[in-house]
Amino acid sequence: NQKGKEASYKKLVKDALEADIVLFGELHNNPISHWMQLELTKTLFAEKGTDLILGAEMFETDNQLMMDEYLEGKVKNSNFEGEAKLWKNYKTDYKPLVEFAKENKLKFIATNVPRRYASLVHSEGFEGLDELTDAAKALLPELPIDYDPDLPGYKSMMEMMSGMGGNHQPNPNLPKAQAIKDATMANSILENFKPGKLIIHYNGAYHSNN
């Protein structure tokens with residue numbers, strides 16, 4: 001729990017069912033995390049049915065159309081897996097969640113910023129987004145985003161980079177590239193939330209710690 005004490009699965013489920021949005025902060029390479037995600041999702045579905053919505057950092061907003069087409073059975077699995085920008089551990093860790101959504105006719109939101117735009121912010125700051133077309137901006141939250149460099153995650157990132165020593169100067173755009181991811185994920189979640197629904201969102205623990 002929030003005090004670092006052991007909590008029962010029953011209590012975890014009870015708390016999750018009382019929430020509107022559950023952020024599941026995972027360790028990307030931890031198989032127990034992924035097992036727990038699927039178990040919790042199945043348990044929440046047993047209670048909420050089609051009022052449960054899934055969402056994940058591991059899929060980018062420009063893949064939403066493809067995700068919808070796959071879940072609706074309009075495109076083959078081979079096309080989806082061949083054309084979507086899937087993480088290397090998709091088949092072992094995230095595919096079970098996507099297939100669960102497909103089998104049970106649940107919405108699955110691709111919430112993260114397209115990586116090319118995170119890369120643009122990393123090199124040019126938020127200003128780099130201003131020159132994008134309206135079609136590109138439709139994949140992003142409303143600009144400019146609110147950015148607080150003193151948030152614990154962003155601050156610790158800069159401190160960690162500063163601690164590398166030598167002539168290494170941390171890039172001030174590094175936490176901004178994380179911030180555009182966070183803002184896009186938050187925006188995607190809120191755009192899809194309706195009262196009475198429960199959204200479970202899978203993301204790296206970094207994005208929801210503190």
# chains A, B, ... in the order shown; residues from 1 in each chain; ligands from 1
call {"tool": "residues_around", "arguments": {"residues": "stretch 46-56 of chain A", "least_positions_apart": "4", "cutoff": "8 Å", "atoms": "only C-alpha atoms", "output": "list of chain:residue names"}}
result
A:Lys42, A:Ala101, A:Asn104, A:Lys105, A:Leu106, A:Lys107, A:Phe108, A:Ile109, A:Ala110, A:Thr111, A:Asn112, A:Ile189, A:Gly196, A:Lys197, A:Leu198, A:Ile199, A:Ile200, A:His201, A:Tyr202, A:Asn203
call {"tool": "write_last_selection", "arguments": {"atoms": "all heavy atoms", "output": "short mmCIF file (atom, residue, chain, number, x, y, z; two decimals), in the first residue's frame"}}
result
data_model
loop_
_atom_site.label_atom_id
_atom_site.label_comp_id
_atom_site.auth_asym_id
_atom_site.auth_seq_id
_atom_site.Cartn_x
_atom_site.Cartn_y
_atom_site.Cartn_z
N LYS A 42 -8.84 -8.97 -15.44
CA LYS A 42 -9.90 -9.99 -15.47
C LYS A 42 -10.86 -9.82 -14.29
O LYS A 42 -12.09 -9.92 -14.44
CB LYS A 42 -9.29 -11.39 -15.42
CG LYS A 42 -8.61 -11.82 -16.71
CD LYS A 42 -7.95 -13.19 -16.51
CE LYS A 42 -7.30 -13.68 -17.78
NZ LYS A 42 -6.58 -14.98 -17.54
N ALA A 101 -9.14 -7.73 -24.37
CA ALA A 101 -10.05 -6.66 -24.81
C ALA A 101 -10.83 -7.10 -26.05
O ALA A 101 -12.04 -6.86 -26.16
CB ALA A 101 -9.25 -5.38 -25.10
N ASN A 104 -13.55 -9.69 -25.29
CA ASN A 104 -14.66 -9.19 -24.46
C ASN A 104 -15.24 -7.87 -24.94
O ASN A 104 -16.02 -7.23 -24.24
CB ASN A 104 -14.19 -9.09 -23.01
CG ASN A 104 -13.86 -10.45 -22.43
OD1 ASN A 104 -14.75 -11.24 -22.16
ND2 ASN A 104 -12.58 -10.75 -22.27
N LYS A 105 -14.84 -7.49 -26.18
CA LYS A 105 -15.39 -6.27 -26.81
C LYS A 105 -15.20 -5.02 -25.93
O LYS A 105 -16.12 -4.24 -25.72
CB LYS A 105 -16.87 -6.46 -27.16
CG LYS A 105 -17.08 -7.59 -28.17
CD LYS A 105 -18.50 -7.71 -28.60
CE LYS A 105 -18.71 -8.60 -29.81
NZ LYS A 105 -17.84 -9.77 -29.94
N LEU A 106 -13.98 -4.87 -25.40
CA LEU A 106 -13.63 -3.71 -24.58
C LEU A 106 -12.83 -2.72 -25.40
O LEU A 106 -12.07 -3.10 -26.30
CB LEU A 106 -12.80 -4.15 -23.37
CG LEU A 106 -13.43 -5.16 -22.42
CD1 LEU A 106 -12.46 -5.53 -21.31
CD2 LEU A 106 -14.74 -4.62 -21.83
N LYS A 107 -12.98 -1.46 -25.08
CA LYS A 107 -12.18 -0.42 -25.74
C LYS A 107 -10.76 -0.45 -25.18
O LYS A 107 -10.57 -0.66 -23.99
CB LYS A 107 -12.82 0.95 -25.49
CG LYS A 107 -12.17 2.09 -26.27
CD LYS A 107 -12.99 3.35 -26.18
CE LYS A 107 -12.36 4.50 -26.95
NZ LYS A 107 -12.19 4.26 -28.37
N PHE A 108 -9.79 -0.26 -26.05
CA PHE A 108 -8.39 -0.22 -25.63
C PHE A 108 -7.79 1.06 -26.22
O PHE A 108 -7.73 1.22 -27.43
CB PHE A 108 -7.63 -1.45 -26.14
CG PHE A 108 -6.34 -1.73 -25.39
CD1 PHE A 108 -6.14 -2.94 -24.76
CD2 PHE A 108 -5.34 -0.77 -25.32
CE1 PHE A 108 -4.96 -3.20 -24.07
CE2 PHE A 108 -4.15 -1.02 -24.64
CZ PHE A 108 -3.96 -2.23 -24.01
N ILE A 109 -7.36 1.97 -25.34
CA ILE A 109 -6.87 3.28 -25.81
C ILE A 109 -5.35 3.25 -25.98
O ILE A 109 -4.62 2.86 -25.08
CB ILE A 109 -7.18 4.40 -24.79
CG1 ILE A 109 -8.54 4.24 -24.14
CG2 ILE A 109 -7.09 5.76 -25.45
CD1 ILE A 109 -8.68 5.08 -22.89
N ALA A 110 -4.92 3.70 -27.14
CA ALA A 110 -3.49 3.94 -27.38
C ALA A 110 -3.21 5.36 -26.88
O ALA A 110 -3.65 6.33 -27.49
CB ALA A 110 -3.18 3.81 -28.88
N THR A 111 -2.51 5.50 -25.76
CA THR A 111 -2.49 6.80 -25.08
C THR A 111 -1.23 7.63 -25.26
O THR A 111 -1.24 8.83 -24.98
CB THR A 111 -2.69 6.61 -23.56
OG1 THR A 111 -1.59 5.86 -23.03
CG2 THR A 111 -3.99 5.88 -23.25
N ASN A 112 -0.14 7.02 -25.70
CA ASN A 112 1.15 7.72 -25.64
C ASN A 112 1.39 8.61 -26.87
O ASN A 112 0.83 8.38 -27.94
CB ASN A 112 2.28 6.71 -25.51
CG ASN A 112 3.52 7.30 -24.83
OD1 ASN A 112 3.56 8.48 -24.50
ND2 ASN A 112 4.51 6.46 -24.63
N ILE A 189 -6.53 9.61 -21.65
CA ILE A 189 -7.37 8.99 -20.61
C ILE A 189 -8.62 9.82 -20.38
O ILE A 189 -9.75 9.31 -20.40
CB ILE A 189 -6.58 8.83 -19.29
CG1 ILE A 189 -5.49 7.75 -19.45
CG2 ILE A 189 -7.50 8.49 -18.14
CD1 ILE A 189 -4.47 7.73 -18.31
N GLY A 196 -19.20 6.52 -14.47
CA GLY A 196 -19.69 5.14 -14.45
C GLY A 196 -18.71 4.16 -15.07
O GLY A 196 -18.81 2.95 -14.87
N LYS A 197 -17.76 4.68 -15.85
CA LYS A 197 -16.74 3.83 -16.46
C LYS A 197 -15.55 3.68 -15.52
O LYS A 197 -15.36 4.50 -14.61
CB LYS A 197 -16.24 4.43 -17.78
CG LYS A 197 -17.33 4.64 -18.83
CD LYS A 197 -17.72 3.35 -19.49
CE LYS A 197 -18.72 3.58 -20.63
NZ LYS A 197 -19.20 2.31 -21.20
N LEU A 198 -14.75 2.66 -15.74
CA LEU A 198 -13.49 2.49 -15.01
C LEU A 198 -12.39 2.30 -16.04
O LEU A 198 -12.49 1.41 -16.89
CB LEU A 198 -13.55 1.29 -14.07
CG LEU A 198 -12.24 0.87 -13.40
CD1 LEU A 198 -11.69 1.99 -12.52
CD2 LEU A 198 -12.42 -0.40 -12.57
N ILE A 199 -11.38 3.15 -16.00
CA ILE A 199 -10.24 3.01 -16.90
C ILE A 199 -9.07 2.43 -16.13
O ILE A 199 -8.71 2.93 -15.06
CB ILE A 199 -9.84 4.37 -17.52
CG1 ILE A 199 -10.95 4.89 -18.43
CG2 ILE A 199 -8.53 4.24 -18.31
CD1 ILE A 199 -10.65 6.23 -19.10
N ILE A 200 -8.48 1.35 -16.67
CA ILE A 200 -7.22 0.85 -16.13
C ILE A 200 -6.14 1.15 -17.15
O ILE A 200 -6.27 0.81 -18.33
CB ILE A 200 -7.26 -0.64 -15.75
CG1 ILE A 200 -5.90 -1.06 -15.17
CG2 ILE A 200 -7.70 -1.54 -16.91
CD1 ILE A 200 -5.90 -2.39 -14.44
N HIS A 201 -5.12 1.88 -16.71
CA HIS A 201 -4.05 2.33 -17.61
C HIS A 201 -2.73 1.73 -17.18
O HIS A 201 -2.30 1.86 -16.04
CB HIS A 201 -3.96 3.87 -17.58
CG HIS A 201 -3.00 4.41 -18.59
ND1 HIS A 201 -1.69 4.74 -18.28
CD2 HIS A 201 -3.15 4.66 -19.91
CE1 HIS A 201 -1.09 5.17 -19.38
NE2 HIS A 201 -1.95 5.13 -20.37
N TYR A 202 -2.07 1.06 -18.13
CA TYR A 202 -0.78 0.42 -17.87
C TYR A 202 0.34 1.35 -18.33
O TYR A 202 0.37 1.75 -19.50
CB TYR A 202 -0.68 -0.91 -18.62
CG TYR A 202 -1.97 -1.71 -18.60
CD1 TYR A 202 -2.77 -1.79 -19.75
CD2 TYR A 202 -2.41 -2.36 -17.45
CE1 TYR A 202 -3.96 -2.50 -19.74
CE2 TYR A 202 -3.61 -3.07 -17.43
CZ TYR A 202 -4.37 -3.13 -18.59
OH TYR A 202 -5.56 -3.83 -18.57
N ASN A 203 1.22 1.68 -17.42
CA ASN A 203 2.34 2.57 -17.76
C ASN A 203 3.54 2.23 -16.90
O ASN A 203 3.41 1.56 -15.87
CB ASN A 203 1.95 4.05 -17.56
CG ASN A 203 1.37 4.35 -16.18
OD1 ASN A 203 0.17 4.38 -16.00
ND2 ASN A 203 2.24 4.54 -15.19
#
call {"tool": "select_by_dssp", "arguments": {"residues": "stretch 19-197 of chain A", "states": "helix (DSSP H, G or I)", "output": "VMD selection string"}}
result
chain A and resid 31 to 51 61 to 71 77 to 83 90 to 103 115 to 124 126 to 131 134 to 137 152 to 162 174 to 192
call {"tool": "write_last_selection", "arguments": {"atoms": "C-alpha atoms", "output": "mmCIF file, in the first residue's frame"}}
result
data_model
loop_
_atom_site.group_PDB
_atom_site.id
_atom_site.type_symbol
_atom_site.label_atom_id
_atom_site.label_comp_id
_atom_site.auth_asym_id
_atom_site.auth_seq_id
_atom_site.Cartn_x
_atom_site.Cartn_y
_atom_site.Cartn_z
ATOM 1 C CA PRO A 31 6.940 -10.759 -15.578
ATOM 2 C CA ILE A 32 5.122 -10.650 -12.223
ATOM 3 C CA SER A 33 3.966 -7.103 -13.051
ATOM 4 C CA HIS A 34 2.519 -8.313 -16.348
ATOM 5 C CA TRP A 35 0.878 -11.342 -14.763
ATOM 6 C CA MET A 36 -0.723 -9.102 -12.142
ATOM 7 C CA GLN A 37 -1.969 -6.673 -14.807
ATOM 8 C CA LEU A 38 -3.871 -9.421 -16.580
ATOM 9 C CA GLU A 39 -5.248 -10.903 -13.336
ATOM 10 C CA LEU A 40 -6.426 -7.525 -12.076
ATOM 11 C CA THR A 41 -7.976 -6.696 -15.461
ATOM 12 C CA LYS A 42 -9.905 -9.990 -15.474
ATOM 13 C CA THR A 43 -11.138 -9.371 -11.911
ATOM 14 C CA LEU A 44 -12.236 -5.801 -12.691
ATOM 15 C CA PHE A 45 -13.995 -7.007 -15.847
ATOM 16 C CA ALA A 46 -15.938 -9.567 -13.791
ATOM 17 C CA GLU A 47 -17.356 -6.628 -11.802
ATOM 18 C CA LYS A 48 -17.574 -3.844 -14.411
ATOM 19 C CA GLY A 49 -18.187 -5.720 -17.677
ATOM 20 C CA THR A 50 -18.090 -3.435 -20.716
ATOM 21 C CA ASP A 51 -17.833 -0.386 -18.434
ATOM 22 C CA THR A 61 -2.062 7.813 -30.461
ATOM 23 C CA ASP A 62 -1.354 7.449 -34.187
ATOM 24 C CA ASN A 63 -1.972 3.701 -33.810
ATOM 25 C CA GLN A 64 -5.484 4.117 -32.373
ATOM 26 C CA LEU A 65 -7.207 3.556 -35.718
ATOM 27 C CA MET A 66 -5.256 0.332 -36.273
ATOM 28 C CA MET A 67 -5.988 -0.803 -32.712
ATOM 29 C CA ASP A 68 -9.725 -0.199 -33.220
ATOM 30 C CA GLU A 69 -9.707 -2.029 -36.548
ATOM 31 C CA TYR A 70 -7.976 -5.030 -34.992
ATOM 32 C CA LEU A 71 -10.270 -5.186 -31.954
ATOM 33 C CA ASN A 77 -3.528 -10.159 -36.435
ATOM 34 C CA SER A 78 -0.589 -10.426 -38.863
ATOM 35 C CA ASN A 79 -1.389 -6.979 -40.296
ATOM 36 C CA PHE A 80 -1.779 -5.420 -36.852
ATOM 37 C CA GLU A 81 1.452 -6.889 -35.521
ATOM 38 C CA GLY A 82 3.305 -6.121 -38.739
ATOM 39 C CA GLU A 83 2.273 -2.486 -39.014
ATOM 40 C CA TYR A 90 4.508 -7.208 -26.909
ATOM 41 C CA LYS A 91 3.794 -10.883 -27.537
ATOM 42 C CA THR A 92 4.646 -12.021 -24.009
ATOM 43 C CA ASP A 93 3.496 -9.024 -21.960
ATOM 44 C CA TYR A 94 0.903 -6.837 -23.727
ATOM 45 C CA LYS A 95 -0.700 -9.102 -26.297
ATOM 46 C CA PRO A 96 -2.642 -10.986 -23.567
ATOM 47 C CA LEU A 97 -4.252 -7.656 -22.559
ATOM 48 C CA VAL A 98 -5.099 -6.706 -26.156
ATOM 49 C CA GLU A 99 -6.544 -10.170 -26.808
ATOM 50 C CA PHE A 100 -8.588 -9.971 -23.596
ATOM 51 C CA ALA A 101 -10.047 -6.658 -24.810
ATOM 52 C CA LYS A 102 -10.794 -8.175 -28.224
ATOM 53 C CA GLU A 103 -12.498 -11.274 -26.799
ATOM 54 C CA ARG A 115 7.717 8.811 -30.418
ATOM 55 C CA ARG A 116 8.784 11.141 -33.238
ATOM 56 C CA TYR A 117 7.168 14.054 -31.372
ATOM 57 C CA ALA A 118 8.829 13.130 -28.064
ATOM 58 C CA SER A 119 12.100 13.076 -30.009
ATOM 59 C CA LEU A 120 11.290 16.505 -31.470
ATOM 60 C CA VAL A 121 10.736 17.938 -27.967
ATOM 61 C CA HIS A 122 13.987 16.335 -26.815
ATOM 62 C CA SER A 123 15.904 18.180 -29.533
ATOM 63 C CA GLU A 124 13.948 21.461 -29.828
ATOM 64 C CA PHE A 126 8.108 22.341 -26.688
ATOM 65 C CA GLU A 127 8.605 25.049 -29.322
ATOM 66 C CA GLY A 128 9.321 22.318 -31.865
ATOM 67 C CA LEU A 129 5.666 21.243 -31.667
ATOM 68 C CA ASP A 130 4.379 24.671 -32.733
ATOM 69 C CA GLU A 131 5.326 24.129 -36.380
ATOM 70 C CA ASP A 134 -3.168 20.527 -37.501
ATOM 71 C CA ALA A 135 -3.369 16.816 -38.376
ATOM 72 C CA ALA A 136 -0.239 16.171 -36.303
ATOM 73 C CA LYS A 137 -1.500 18.316 -33.408
ATOM 74 C CA PRO A 152 9.625 14.939 -8.411
ATOM 75 C CA GLY A 153 10.024 12.778 -11.521
ATOM 76 C CA TYR A 154 11.379 15.554 -13.730
ATOM 77 C CA LYS A 155 13.604 16.950 -10.989
ATOM 78 C CA SER A 156 15.171 13.569 -10.172
ATOM 79 C CA MET A 157 15.804 12.952 -13.868
ATOM 80 C CA MET A 158 17.848 16.160 -14.124
ATOM 81 C CA GLU A 159 19.669 15.417 -10.851
ATOM 82 C CA MET A 160 20.565 11.949 -12.080
ATOM 83 C CA MET A 161 21.947 13.356 -15.337
ATOM 84 C CA SER A 162 23.894 16.048 -13.433
ATOM 85 C CA LEU A 174 15.017 15.647 -21.441
ATOM 86 C CA PRO A 175 12.286 15.992 -18.778
ATOM 87 C CA LYS A 176 10.187 17.964 -21.284
ATOM 88 C CA ALA A 177 10.209 14.934 -23.595
ATOM 89 C CA GLN A 178 8.845 12.915 -20.662
ATOM 90 C CA ALA A 179 6.311 15.638 -19.923
ATOM 91 C CA ILE A 180 4.823 15.523 -23.438
ATOM 92 C CA LYS A 181 4.359 11.767 -22.927
ATOM 93 C CA ASP A 182 2.675 12.326 -19.559
ATOM 94 C CA ALA A 183 0.440 15.079 -20.932
ATOM 95 C CA THR A 184 -0.593 12.994 -23.948
ATOM 96 C CA MET A 185 -1.371 9.980 -21.772
ATOM 97 C CA ALA A 186 -3.409 12.103 -19.332
ATOM 98 C CA ASN A 187 -5.279 13.759 -22.193
ATOM 99 C CA SER A 188 -6.029 10.416 -23.875
ATOM 100 C CA ILE A 189 -7.365 8.987 -20.613
ATOM 101 C CA LEU A 190 -9.586 11.992 -19.872
ATOM 102 C CA GLU A 191 -10.934 12.165 -23.425
ATOM 103 C CA ASN A 192 -12.189 8.596 -23.058
#
call {"tool": "select_by_dssp", "arguments": {"residues": "chain A", "states": "strand (DSSP E or B)", "output": "list in words"}}
result
Ile21, Val22, Leu23, Phe24, Gly25, Glu26, Leu52, Ile53, Leu54, Gly55, Ala56, Glu57, Met58, Phe59, Glu60, Phe108, Ile109, Ala110, Thr111, Asn112, Leu198, Ile199, Ile200, His201, Tyr202, Asn203 and Gly204 of chain A
call {"tool": "atom_distance", "arguments": {"atom1": "atom CA of A:Val113", "atom2": "atom CA of A:Leu143"}}
result
13.1 Å
